[in-house]
$ cat coords20.txt   # compact mmCIF, C-alpha atoms
# COMPACT_ATOMS: atom_id res chain seq x y z
CA MET A 1 98.05 78.45 112.90
CA SER A 2 99.09 81.66 114.62
CA ASP A 3 98.02 85.04 113.42
CA HIS A 4 101.37 86.34 112.25
CA HIS A 5 101.34 83.68 109.53
CA LEU A 6 98.53 85.51 107.79
CA HIS A 7 100.63 87.95 105.89
CA HIS A 8 98.49 90.35 103.99
CA ALA A 9 100.79 91.77 101.35
CA PRO A 10 101.19 91.20 98.43
CA ALA A 11 97.47 90.78 98.19
CA VAL A 12 96.47 94.39 98.60
CA ALA A 13 96.51 96.91 95.78
CA PRO A 14 99.93 98.37 95.15
CA THR A 15 99.61 102.08 95.65
CA GLY A 16 103.30 101.89 94.81
CA LEU A 17 105.18 103.05 91.80
CA VAL A 18 103.96 100.44 89.30
CA GLY A 19 100.31 101.01 90.10
CA MET A 20 100.91 104.73 89.70
CA VAL A 21 102.71 104.29 86.37
CA ILE A 22 99.95 102.06 84.94
CA ALA A 23 97.29 104.48 86.18
CA VAL A 24 99.04 107.47 84.58
CA ALA A 25 99.43 105.49 81.35
CA ALA A 26 95.69 104.74 81.43
CA VAL A 27 94.79 108.42 81.90
CA LEU A 28 97.13 109.40 79.04
CA ALA A 29 95.66 106.68 76.82
CA ALA A 30 92.11 107.88 77.51
CA SER A 31 93.08 111.49 76.71
CA ALA A 32 94.80 110.41 73.50
CA TYR A 33 91.79 108.32 72.49
CA LEU A 34 89.38 111.21 73.03
CA ALA A 35 91.66 113.61 71.20
CA GLY A 36 91.86 111.16 68.30
CA SER A 37 88.12 110.58 68.04
CA ILE A 38 87.39 114.31 68.25
CA ARG A 39 89.90 114.96 65.46
CA LEU A 40 88.26 112.26 63.36
CA ARG A 41 84.82 113.78 63.80
CA LEU A 42 86.06 117.30 63.06
CA ARG A 43 87.42 115.86 59.82
CA GLY A 44 83.93 114.61 59.02
CA ASP A 45 84.50 110.87 59.67
CA ALA A 46 81.96 108.86 61.61
CA TRP A 47 83.07 107.36 64.92
CA PRO A 48 80.34 106.17 67.31
CA GLY A 49 80.19 108.00 70.61
CA TRP A 50 79.71 104.82 72.64
CA ARG A 51 83.26 103.78 71.75
CA ASP A 52 84.58 106.90 73.49
CA THR A 53 82.48 105.98 76.52
CA CYS A 54 83.77 102.39 76.51
CA PHE A 55 87.42 103.36 76.30
CA THR A 56 87.15 106.06 78.95
CA ALA A 57 85.21 103.72 81.26
CA GLY A 58 87.83 100.98 80.74
CA CYS A 59 90.63 103.35 81.71
CA ALA A 60 88.64 104.72 84.65
CA VAL A 61 87.95 101.32 86.21
CA LEU A 62 91.61 100.41 85.70
CA VAL A 63 92.75 103.51 87.57
CA TYR A 64 90.23 102.91 90.35
CA ALA A 65 91.28 99.27 90.75
CA LEU A 66 94.93 100.33 91.06
CA LEU A 67 94.52 103.29 93.39
CA GLY A 68 91.12 103.12 95.06
CA PRO A 69 90.06 101.14 98.12
CA LEU A 70 88.64 97.69 97.33
CA PRO A 71 86.10 95.86 99.49
CA GLY A 72 86.65 92.58 101.32
CA GLY A 73 89.58 90.87 103.01
CA PRO A 74 93.07 90.96 101.47
CA PHE A 75 92.58 87.98 99.16
CA THR A 76 89.12 89.10 98.05
CA ALA A 77 90.40 92.62 97.40
CA HIS A 78 93.26 91.16 95.38
CA MET A 79 90.79 89.10 93.34
CA GLY A 80 88.55 92.09 92.76
CA GLN A 81 91.54 94.02 91.49
CA HIS A 82 92.57 91.11 89.28
CA LEU A 83 89.03 90.92 87.87
CA VAL A 84 89.07 94.58 86.85
CA LEU A 85 92.64 94.66 85.53
CA ALA A 86 92.53 91.43 83.54
CA MET A 87 88.91 91.21 82.42
CA ILE A 88 86.62 94.22 82.77
CA ALA A 89 89.01 96.96 81.64
CA PRO A 90 90.29 94.92 78.63
CA VAL A 91 86.76 94.19 77.35
CA LEU A 92 85.84 97.89 77.51
CA VAL A 93 89.11 98.97 75.89
CA VAL A 94 88.98 96.37 73.09
CA LEU A 95 85.33 97.21 72.29
CA ALA A 96 86.47 100.77 71.55
CA ARG A 97 88.74 99.51 68.71
CA PRO A 98 91.78 101.60 69.69
CA LEU A 99 94.03 100.24 66.93
CA THR A 100 91.51 101.17 64.24
CA LEU A 101 91.26 104.69 65.63
CA LEU A 102 95.04 105.02 65.80
CA LEU A 103 95.44 103.88 62.20
CA ARG A 104 92.91 106.46 61.10
CA VAL A 105 94.33 109.49 62.88
CA LEU A 106 98.09 108.92 62.64
CA PRO A 107 100.06 110.71 59.91
CA THR A 108 100.96 108.47 56.97
CA ARG A 109 104.53 107.60 57.99
CA LEU A 110 103.62 106.67 61.54
CA ARG A 111 100.60 104.78 60.29
CA ARG A 112 102.77 102.67 57.99
CA THR A 113 105.11 101.88 60.87
CA LEU A 114 102.22 100.91 63.15
CA LEU A 115 100.67 98.79 60.44
CA ALA A 116 104.01 97.05 59.85
CA VAL A 117 104.21 96.26 63.57
CA ALA A 118 100.59 95.10 63.74
CA HIS A 119 101.11 92.86 60.71
CA SER A 120 104.53 91.59 61.74
CA ALA A 121 105.14 87.91 62.34
CA PRO A 122 105.58 88.17 66.15
CA ALA A 123 102.35 90.16 66.49
CA SER A 124 100.51 87.63 64.34
CA VAL A 125 101.76 84.79 66.52
CA LEU A 126 100.81 86.59 69.74
CA VAL A 127 97.22 87.16 68.64
CA PHE A 128 96.73 83.48 67.77
CA PRO A 129 93.80 82.98 70.19
CA PRO A 130 94.93 79.68 71.82
CA LEU A 131 98.40 81.11 72.47
CA ALA A 132 96.94 84.30 73.92
CA ALA A 133 94.76 82.11 76.17
CA VAL A 134 97.79 80.16 77.40
CA LEU A 135 99.75 83.36 78.07
CA ASP A 136 96.82 84.79 80.01
CA VAL A 137 95.44 81.89 82.06
CA GLY A 138 98.76 80.01 82.12
CA GLY A 139 100.24 83.07 83.80
CA LEU A 140 97.51 82.90 86.44
CA TRP A 141 98.24 79.22 87.13
CA LEU A 142 101.92 80.09 87.61
CA LEU A 143 101.00 82.97 89.89
CA TYR A 144 98.60 81.12 92.17
CA ARG A 145 99.83 77.53 92.10
CA THR A 146 103.57 78.09 92.48
CA SER A 147 105.48 79.97 95.15
CA LEU A 148 105.47 83.03 92.85
CA PHE A 149 102.58 84.68 94.71
CA ALA A 150 104.33 84.35 98.07
CA SER A 151 107.61 85.71 96.69
CA LEU A 152 105.98 88.88 95.33
CA HIS A 153 106.02 90.21 98.86
CA HIS A 154 109.81 90.43 98.93
CA GLN A 155 110.50 91.32 95.31
CA PRO A 156 109.04 94.62 94.14
CA LEU A 157 110.37 94.21 90.60
CA LEU A 158 108.69 90.84 90.23
CA HIS A 159 105.52 92.30 91.68
CA ALA A 160 105.65 95.05 89.06
CA ALA A 161 106.21 92.53 86.27
CA VAL A 162 103.26 90.43 87.42
CA HIS A 163 100.98 93.46 87.44
CA VAL A 164 102.00 94.51 83.97
CA HIS A 165 101.61 90.92 82.75
CA VAL A 166 98.08 90.67 84.16
CA VAL A 167 96.97 93.83 82.35
CA VAL A 168 98.80 93.13 79.08
CA SER A 169 97.85 89.45 78.80
CA GLY A 170 94.23 90.29 79.61
CA LEU A 171 94.24 92.86 76.82
CA LEU A 172 95.98 90.46 74.44
CA PHE A 173 93.51 87.64 75.07
CA THR A 174 90.46 89.90 74.73
CA PHE A 175 91.92 91.48 71.59
CA ALA A 176 92.64 88.06 70.04
CA VAL A 177 89.25 86.54 70.87
CA CYS A 178 87.17 89.55 69.81
CA GLN A 179 89.20 90.30 66.67
CA LEU A 180 87.57 93.71 66.25
CA ASP A 181 90.71 95.51 65.14
CA PRO A 182 92.54 94.79 61.88
CA VAL A 183 95.17 92.06 62.12
CA ARG A 184 96.89 90.16 59.33
CA ARG A 185 95.42 86.75 60.00
CA ARG A 186 91.69 86.43 60.73
CA TRP A 187 90.97 83.39 62.87
CA SER A 188 87.78 81.41 62.47
CA LEU A 189 84.89 81.56 64.87
CA ALA A 190 85.56 77.96 65.93
CA CYS A 191 89.18 78.73 66.78
CA ARG A 192 88.27 81.76 68.88
CA ALA A 193 85.38 80.01 70.62
CA THR A 194 87.59 77.02 71.47
CA ALA A 195 90.25 79.31 72.92
CA LEU A 196 87.55 80.99 75.01
CA LEU A 197 86.22 77.61 76.18
CA GLY A 198 89.70 76.41 77.17
CA ALA A 199 90.59 79.64 78.95
CA GLY A 200 87.25 79.75 80.77
CA ALA A 201 87.57 76.15 81.92
CA ALA A 202 91.16 76.59 83.13
CA HIS A 203 90.11 79.76 84.95
CA ALA A 204 87.15 78.02 86.63
CA VAL A 205 89.27 75.05 87.74
CA LEU A 206 91.93 77.39 89.13
CA ALA A 207 89.27 79.29 91.11
CA LYS A 208 87.97 76.04 92.61
CA THR A 209 91.47 74.90 93.61
CA LEU A 210 91.99 78.28 95.31
CA TYR A 211 88.79 77.70 97.28
CA ALA A 212 90.33 74.48 98.60
CA ALA A 213 93.88 75.73 99.18
CA PRO A 214 95.56 79.16 99.09
CA PRO A 215 98.59 79.82 96.87
CA PRO A 216 101.62 77.91 98.23
CA GLY A 217 103.48 79.74 100.97
CA THR A 218 100.60 82.04 101.88
CA ALA A 219 97.79 81.83 104.40
CA PHE A 220 94.53 83.72 104.34
CA ALA A 221 91.49 83.59 106.59
CA THR A 222 89.21 80.84 105.32
CA ALA A 223 86.22 83.13 104.74
CA ASP A 224 88.41 85.56 102.78
CA LEU A 225 89.85 82.75 100.66
CA HIS A 226 86.40 81.35 99.91
CA THR A 227 84.92 84.73 98.98
CA GLY A 228 87.92 85.54 96.80
CA ALA A 229 87.79 82.18 95.00
CA GLN A 230 84.07 82.53 94.31
CA LEU A 231 84.58 86.08 93.12
CA MET A 232 87.17 84.73 90.68
CA TYR A 233 84.84 81.93 89.51
CA TYR A 234 81.71 84.01 88.96
CA GLY A 235 83.61 87.08 87.81
CA GLY A 236 85.22 84.89 85.18
CA ASP A 237 81.73 83.82 84.10
CA LEU A 238 80.73 87.43 83.52
CA ALA A 239 83.80 88.15 81.42
CA GLU A 240 83.22 84.99 79.45
CA ILE A 241 79.58 85.85 78.73
CA ALA A 242 80.68 89.29 77.57
CA LEU A 243 83.29 87.84 75.20
CA ALA A 244 80.90 85.16 73.95
CA ALA A 245 78.24 87.81 73.29
CA ILE A 246 80.72 89.90 71.30
CA ILE A 247 81.68 86.90 69.14
CA ALA A 248 78.04 85.83 68.75
CA ILE A 249 76.88 89.28 67.65
CA GLN A 250 79.73 89.41 65.11
CA TRP A 251 78.59 86.07 63.71
CA TYR A 252 74.95 87.21 63.58
CA ALA A 253 75.82 90.39 61.70
CA ALA A 254 78.25 88.65 59.34
CA SER A 255 75.87 85.80 58.47
CA GLY A 256 73.10 88.31 57.87
CA ARG A 257 75.32 90.24 55.45
CA THR A 258 76.32 87.04 53.64
CA ARG A 259 72.69 86.04 53.17
CA THR A 260 71.64 89.44 51.86
CA HIS A 261 74.59 89.37 49.48
CA ARG A 262 73.67 85.90 48.19
CA GLN A 263 70.06 86.91 47.65
CA ARG A 264 71.18 89.93 45.67
CA GLN A 265 73.41 87.77 43.53
CA GLY A 266 70.52 85.44 42.78
CA VAL A 267 71.96 82.24 44.20
CA PRO A 268 69.23 79.54 44.04
CA ARG A 269 66.95 79.72 47.03
CA MET A 270 67.64 76.21 48.25
CA ALA A 271 71.28 77.09 48.79
CA CYS A 272 70.29 79.92 51.08
CA SER A 273 68.32 77.80 53.48
CA MET B 274 77.97 95.51 41.12
CA SER B 275 79.21 94.09 37.81
CA GLU B 276 75.79 92.68 36.97
CA PRO B 277 73.18 94.93 35.41
CA ALA B 278 70.52 95.83 37.92
CA GLY B 279 67.81 94.11 35.88
CA HIS B 280 69.32 90.65 36.49
CA ALA B 281 69.16 90.88 40.26
CA LEU B 282 66.30 89.11 42.02
CA PRO B 283 63.58 91.30 43.44
CA PRO B 284 64.50 92.38 46.97
CA SER B 285 61.69 90.34 48.52
CA ALA B 286 62.86 87.67 50.97
CA PRO B 287 63.12 84.12 49.64
CA GLU B 288 60.35 81.72 50.53
CA PRO B 289 60.92 80.65 54.13
CA VAL B 290 61.99 77.04 54.55
CA LEU B 291 61.35 75.56 58.00
CA LEU B 292 64.33 73.88 59.59
CA PRO B 293 62.84 71.44 62.13
CA GLY B 294 66.08 69.61 62.98
CA ARG B 295 67.96 72.82 63.56
CA SER B 296 65.07 74.30 65.56
CA LEU B 297 65.10 71.25 67.84
CA ALA B 298 68.89 71.26 68.28
CA VAL B 299 69.12 75.00 68.98
CA CYS B 300 66.31 74.88 71.54
CA ALA B 301 67.82 71.79 73.16
CA MET B 302 71.01 73.80 73.59
CA ILE B 303 69.05 76.66 75.17
CA GLY B 304 67.14 74.20 77.38
CA ALA B 305 70.33 72.58 78.68
CA ALA B 306 71.96 75.95 79.33
CA LEU B 307 68.83 77.30 81.07
CA MET B 308 68.68 74.22 83.30
CA ALA B 309 72.33 74.73 84.15
CA ALA B 310 71.55 78.36 85.03
CA VAL B 311 68.64 77.23 87.26
CA ASP B 312 70.99 74.76 88.96
CA GLU B 313 73.53 77.50 89.56
CA ILE B 314 71.10 80.21 90.67
CA VAL B 315 68.54 78.18 92.63
CA PHE B 316 70.48 75.25 94.06
CA HIS B 317 73.92 76.82 94.50
CA GLN B 318 73.02 80.39 95.39
CA ILE B 319 69.46 80.69 96.72
CA LEU B 320 68.96 77.37 98.49
CA ALA B 321 72.71 76.76 99.03
CA TRP B 322 72.05 72.99 98.87
CA HIS B 323 74.83 72.38 96.35
CA HIS B 324 78.32 73.17 97.58
CA PHE B 325 80.82 75.22 95.59
CA PHE B 326 83.51 72.68 96.38
CA ASP B 327 83.35 69.14 97.72
CA ARG B 328 86.58 67.72 99.10
CA SER B 329 85.79 64.27 97.75
CA THR B 330 85.86 65.51 94.13
CA PRO B 331 88.67 63.92 92.10
CA ALA B 332 90.83 66.11 89.83
CA VAL B 333 89.11 64.79 86.70
CA GLY B 334 85.81 65.92 88.21
CA LEU B 335 87.11 69.45 88.71
CA VAL B 336 88.39 69.63 85.13
CA SER B 337 85.18 68.28 83.64
CA ASP B 338 83.17 70.67 85.82
CA GLY B 339 85.24 73.62 84.61
CA LEU B 340 84.77 72.60 80.98
CA LEU B 341 81.06 71.90 81.37
CA HIS B 342 80.40 75.10 83.30
CA THR B 343 82.15 77.15 80.63
CA ALA B 344 80.40 75.26 77.83
CA GLU B 345 77.02 76.00 79.46
CA LEU B 346 77.69 79.72 79.39
CA LEU B 347 78.88 79.63 75.79
CA GLY B 348 75.89 77.42 74.92
CA LEU B 349 73.49 79.93 76.43
CA VAL B 350 74.89 82.78 74.33
CA ALA B 351 75.23 80.65 71.18
CA GLY B 352 71.74 79.19 71.65
CA PHE B 353 70.08 82.58 71.82
CA VAL B 354 71.91 83.99 68.83
CA LEU B 355 71.18 80.86 66.74
CA TYR B 356 67.52 81.15 67.81
CA ALA B 357 67.49 84.78 66.68
CA ASP B 358 68.99 83.65 63.37
CA LEU B 359 66.22 81.05 62.89
CA ARG B 360 63.60 83.71 63.61
CA ARG B 361 65.25 86.10 61.18
CA ARG B 362 65.15 83.48 58.44
CA HIS B 363 61.54 82.52 59.30
CA ALA B 364 62.89 78.98 59.64
CA LEU B 365 61.84 78.24 63.22
CA ALA B 366 59.56 75.19 63.56
CA PRO B 367 57.71 75.99 66.82
CA ALA B 368 56.61 72.44 67.69
CA HIS B 369 60.13 71.07 67.26
CA ALA B 370 61.50 74.03 69.20
CA SER B 371 59.43 73.30 72.31
CA ALA B 372 60.28 69.59 72.08
CA GLY B 373 63.95 70.57 71.97
CA LEU B 374 63.59 72.81 75.01
CA PHE B 375 62.23 69.91 77.11
CA LEU B 376 64.72 67.37 75.74
CA GLY B 377 67.64 69.69 76.41
CA SER B 378 66.63 70.61 79.94
CA GLY B 379 65.79 67.00 80.84
CA GLY B 380 69.01 65.75 79.29
CA PHE B 381 71.08 68.21 81.26
CA GLN B 382 69.25 67.42 84.49
CA LEU B 383 69.84 63.68 84.02
CA PHE B 384 73.51 64.19 83.13
CA ASP B 385 73.92 66.41 86.19
CA GLY B 386 72.17 63.91 88.44
CA ILE B 387 74.05 60.83 87.25
CA VAL B 388 77.48 61.94 85.98
CA ASP B 389 78.14 65.11 88.01
CA HIS B 390 76.62 64.06 91.32
CA LYS B 391 77.31 60.32 91.31
CA VAL B 392 80.16 59.42 88.93
CA LEU B 393 82.34 62.52 89.34
CA ARG B 394 81.06 63.36 92.83
CA LEU B 395 81.30 67.13 92.25
CA HIS B 396 78.76 67.77 94.99
CA GLN B 397 75.55 66.17 96.19
CA VAL B 398 72.00 67.47 95.79
CA ARG B 399 71.91 68.42 99.47
CA TYR B 400 74.09 67.81 102.50
CA GLY B 401 73.13 66.39 105.87
CA VAL B 402 70.02 64.58 104.60
CA ASP B 403 69.11 61.13 103.35
CA LEU B 404 70.26 61.46 99.74
CA VAL B 405 68.24 58.63 98.22
CA VAL B 406 64.97 60.59 98.14
CA TYR B 407 66.68 63.69 96.77
CA ASP B 408 68.48 61.72 94.07
CA LEU B 409 65.27 59.93 93.07
CA VAL B 410 63.33 63.20 92.80
CA TRP B 411 66.20 64.89 90.95
CA ASN B 412 66.58 62.16 88.35
CA GLY B 413 62.84 61.47 88.24
CA ALA B 414 62.26 65.12 87.30
CA ALA B 415 64.88 64.70 84.59
CA LEU B 416 63.12 61.64 83.18
CA ALA B 417 59.77 63.43 83.29
CA LEU B 418 61.17 66.36 81.31
CA LEU B 419 62.72 63.96 78.81
CA ALA B 420 59.42 62.09 78.45
CA VAL B 421 57.51 65.31 77.78
CA GLY B 422 60.18 66.27 75.25
CA ALA B 423 59.97 62.88 73.52
CA VAL B 424 56.16 63.06 73.26
CA LEU B 425 56.34 66.59 71.87
CA ALA B 426 59.03 65.55 69.38
CA VAL B 427 56.97 62.63 68.10
CA ARG B 428 53.88 64.83 67.78
CA ALA B 429 55.84 67.55 66.01
CA ARG B 430 57.19 64.97 63.59
CA ARG B 431 53.78 63.51 62.82
CA LYS B 432 52.34 66.98 62.31
CA ALA B 433 55.17 67.89 59.96
CA GLY B 434 54.75 64.62 58.07
CA SER B 435 51.01 64.93 57.53
$ encode --input "coords20.txt" --output "structure tokens"
Amino acid sequence: MSDHHLHHAPAVAPTGLVGMVIAVAAVLAASAYLAGSIRLRLRGDAWPGWRDTCFTAGCAVLVYALLGPLPGGPFTAHMGQHLVLAMIAPVLVVLARPLTLLLRVLPTRLRRTLLAVAHSAPASVLVFPPLAAVLDVGGLWLLYRTSLFASLHHQPLLHAAVHVHVVVSGLLFTFAVCQLDPVRRRWSLACRATALLGAGAAHAVLAKTLYAAPPPGTAFATADLHTGAQLMYYGGDLAEIALAAIIAIQWYAASGRTRTHRQRQGVPRMACS
Amino acid sequence: MSEPAGHALPPSAPEPVLLPGRSLAVCAMIGAALMAAVDEIVFHQILAWHHFFDRSTPAVGLVSDGLLHTAELLGLVAGFVLYADLRRRHALAPAHASAGLFLGSGGFQLFDGIVDHKVLRLHQVRYGVDLVVYDLVWNGAALALLAVGAVLAVRARRKAGS
């Protein structure tokens, strides 16, 4: 295989227009979040400071991944960027409960509109955890196991769409699995854990197939491909542990509350055990 | 809130009830997940005996590996939080818990040695060596862990019964 076959774009970070637009949106979102939480506190409401830190950090890593230099060969750098955009930034942003904050600070009319959107049928369908998992990881399978990845090089619009999809579907999946913000339908722990298991497995298998073969129509140096695939595999593990820990801590807190409640109500002791 | 305060039970915790079966199951889950973590950290990363990818792995092997790998991580998190819950309820039966730890780790090791390495051929214990010895030691260690777990489980049961 001759060297000119190793084409490096579209693997590298787009310092282009889309990256810029997403980065500016992230900076604006962080400013709006901080303004909102400060307003809430001035009003006398409690809003933990660590949520501000989480949201700001999520936006900051997003901006860095889009604009900053990333280590490794082209495929590894692409994977590192993917890891931040689709997994790390969404976890930090979702932990900060942005929808809850928005609902608290918006004026009544806007709040009603937002609530209507959040509780609408399409939104409820989108945050069904298994569907969110399919939209997220299914999109990755399309990207890496069809000729889509190779064609990004020639089609800037498609490239833009893929970038936006990676960020939005990562946010959607994290939002659906964590279920920290108010939505109309609350899904059970089992449903969310199963969606996480399925998504994690599909992600791990995809990473292993990338280790064996690059996306169709592209060629990367073997070492770069292997590092990138392993980064995807183990990076996915980290994201999965983070999501699992969030769900597990929710369960721990909720079951503790239920037990205290039962004891107060004087349910027979055997039933508590 | 509708009840008068006098009817509520005193705030003292209810008498703790030990849950031996649950203690054993939760610790078995932790044991299996810990053994999987040892496999990943020691044999994949530090020693680099296990390979990340083996070209002779069939597709079904890859899928089962993805599922199992993910389940291990979820099991680790779930195991620890369920353990914390048992401690919080003062329901942990320590003897059953240690039996579960051995049974879980031995069970995972045996599954890994037989199903992952041999049936699904995900990867071998080590490459470029005579595998028989390695496989015997690998699965022998698994059986030893299982045997310790079984002895501990029987003893825990007798102790609980007496």
$ interface_residues --input "coords20.txt" --of "chain A" --to "chain B" --cutoff "6 Å" --atoms "only C-alpha atoms" --output "list in words"
Gly200, Ala201, Ala204, Val205, Arg264 and Gly266 of chain A
$ residues_around --input "coords20.txt" --residues "stretch 132-134 of chain A" --least-positions-apart "6" --cutoff "7 Å" --atoms "all atoms listed in the file" --output "list of chain:residue names"
A:Leu126, A:Leu172, A:Phe173, A:Ala176, A:Ala195, A:Ala199
$ atom_distance --input "coords20.txt" --atom1 "atom CA of A:Val166" --atom2 "atom CA of A:Leu152"
13.8 Å
$ residues_around --input "coords20.txt" --residues "A:Val63" --least-positions-apart "3" --cutoff "7 Å" --atoms "all atoms listed in the file" --output "PDB file with C-alpha atoms, in the coordinates of the input"
ATOM      1  CA  ALA A  23      97.290 104.480  86.180  1.00  0.00           C
ATOM      2  CA  ALA A  26      95.690 104.740  81.430  1.00  0.00           C
ATOM      3  CA  CYS A  59      90.630 103.350  81.710  1.00  0.00           C
ATOM      4  CA  ALA A  60      88.640 104.720  84.650  1.00  0.00           C
ATOM      5  CA  LEU A  66      94.930 100.330  91.060  1.00  0.00           C
ATOM      6  CA  LEU A  67      94.520 103.290  93.390  1.00  0.00           C
TER       7      LEU A  67
END
$ residues_around --input "coords20.txt" --residues "stretch 42-51 of chain A" --least-positions-apart "5" --cutoff "12 Å" --atoms "all atoms listed in the file" --output "PyMOL selection string"
chain A and resi 30+33-37+56-58+91-98+100-101+104-105
$ residues_around --input "coords20.txt" --residues "A:Leu243" --least-positions-apart "2" --cutoff "8 Å" --atoms "only C-alpha atoms" --output "MDAnalysis selection string"
chainID A and resid 91 174 177:178 239:241 245:247
$ closest_residue --input "coords20.txt" --among "A:Ala219, A:Ala207, A:Ala202, A:Leu135" --to "A:Met232" --atoms "only C-alpha atoms"
A:Ala207
$ atom_distance --input "coords20.txt" --atom1 "atom CA of A:Ala229" --atom2 "atom CA of A:Lys208"
6.6 Å
$ decode --input "coords20.txt" --residues "stretch 111-141 of chain A" --atoms "C-alpha atoms" --output "compact mmCIF listing (two decimals), in the first residue's frame"
# COMPACT_ATOMS: atom_id res chain seq x y z
CA ARG A 111 -41.32 28.02 31.23
CA ARG A 112 -44.73 26.70 30.17
CA THR A 113 -43.56 26.50 26.57
CA LEU A 114 -40.38 24.65 27.53
CA LEU A 115 -42.31 22.29 29.76
CA ALA A 116 -44.77 21.60 26.93
CA VAL A 117 -41.84 20.75 24.64
CA ALA A 118 -40.13 18.60 27.28
CA HIS A 119 -43.36 16.73 27.94
CA SER A 120 -44.40 16.44 24.29
CA ALA A 121 -44.85 13.06 22.66
CA PRO A 122 -41.77 13.29 20.37
CA ALA A 123 -39.54 14.26 23.30
CA SER A 124 -40.92 11.40 25.36
CA VAL A 125 -40.19 8.95 22.56
CA LEU A 126 -36.65 10.28 22.07
CA VAL A 127 -35.73 9.85 25.73
CA PHE A 128 -36.90 6.22 25.76
CA PRO A 129 -33.48 4.81 26.80
CA PRO A 130 -33.24 1.91 24.29
CA LEU A 131 -34.13 4.24 21.41
CA ALA A 132 -31.60 6.82 22.57
CA ALA A 133 -29.01 4.01 22.70
CA VAL A 134 -29.80 2.96 19.13
CA LEU A 135 -29.62 6.56 17.87
CA ASP A 136 -26.27 7.02 19.60
CA VAL A 137 -24.37 3.77 19.02
CA GLY A 138 -26.28 2.90 15.83
CA GLY A 139 -25.03 6.19 14.41
CA LEU A 140 -21.47 5.15 15.24
CA TRP A 141 -21.90 1.81 13.47
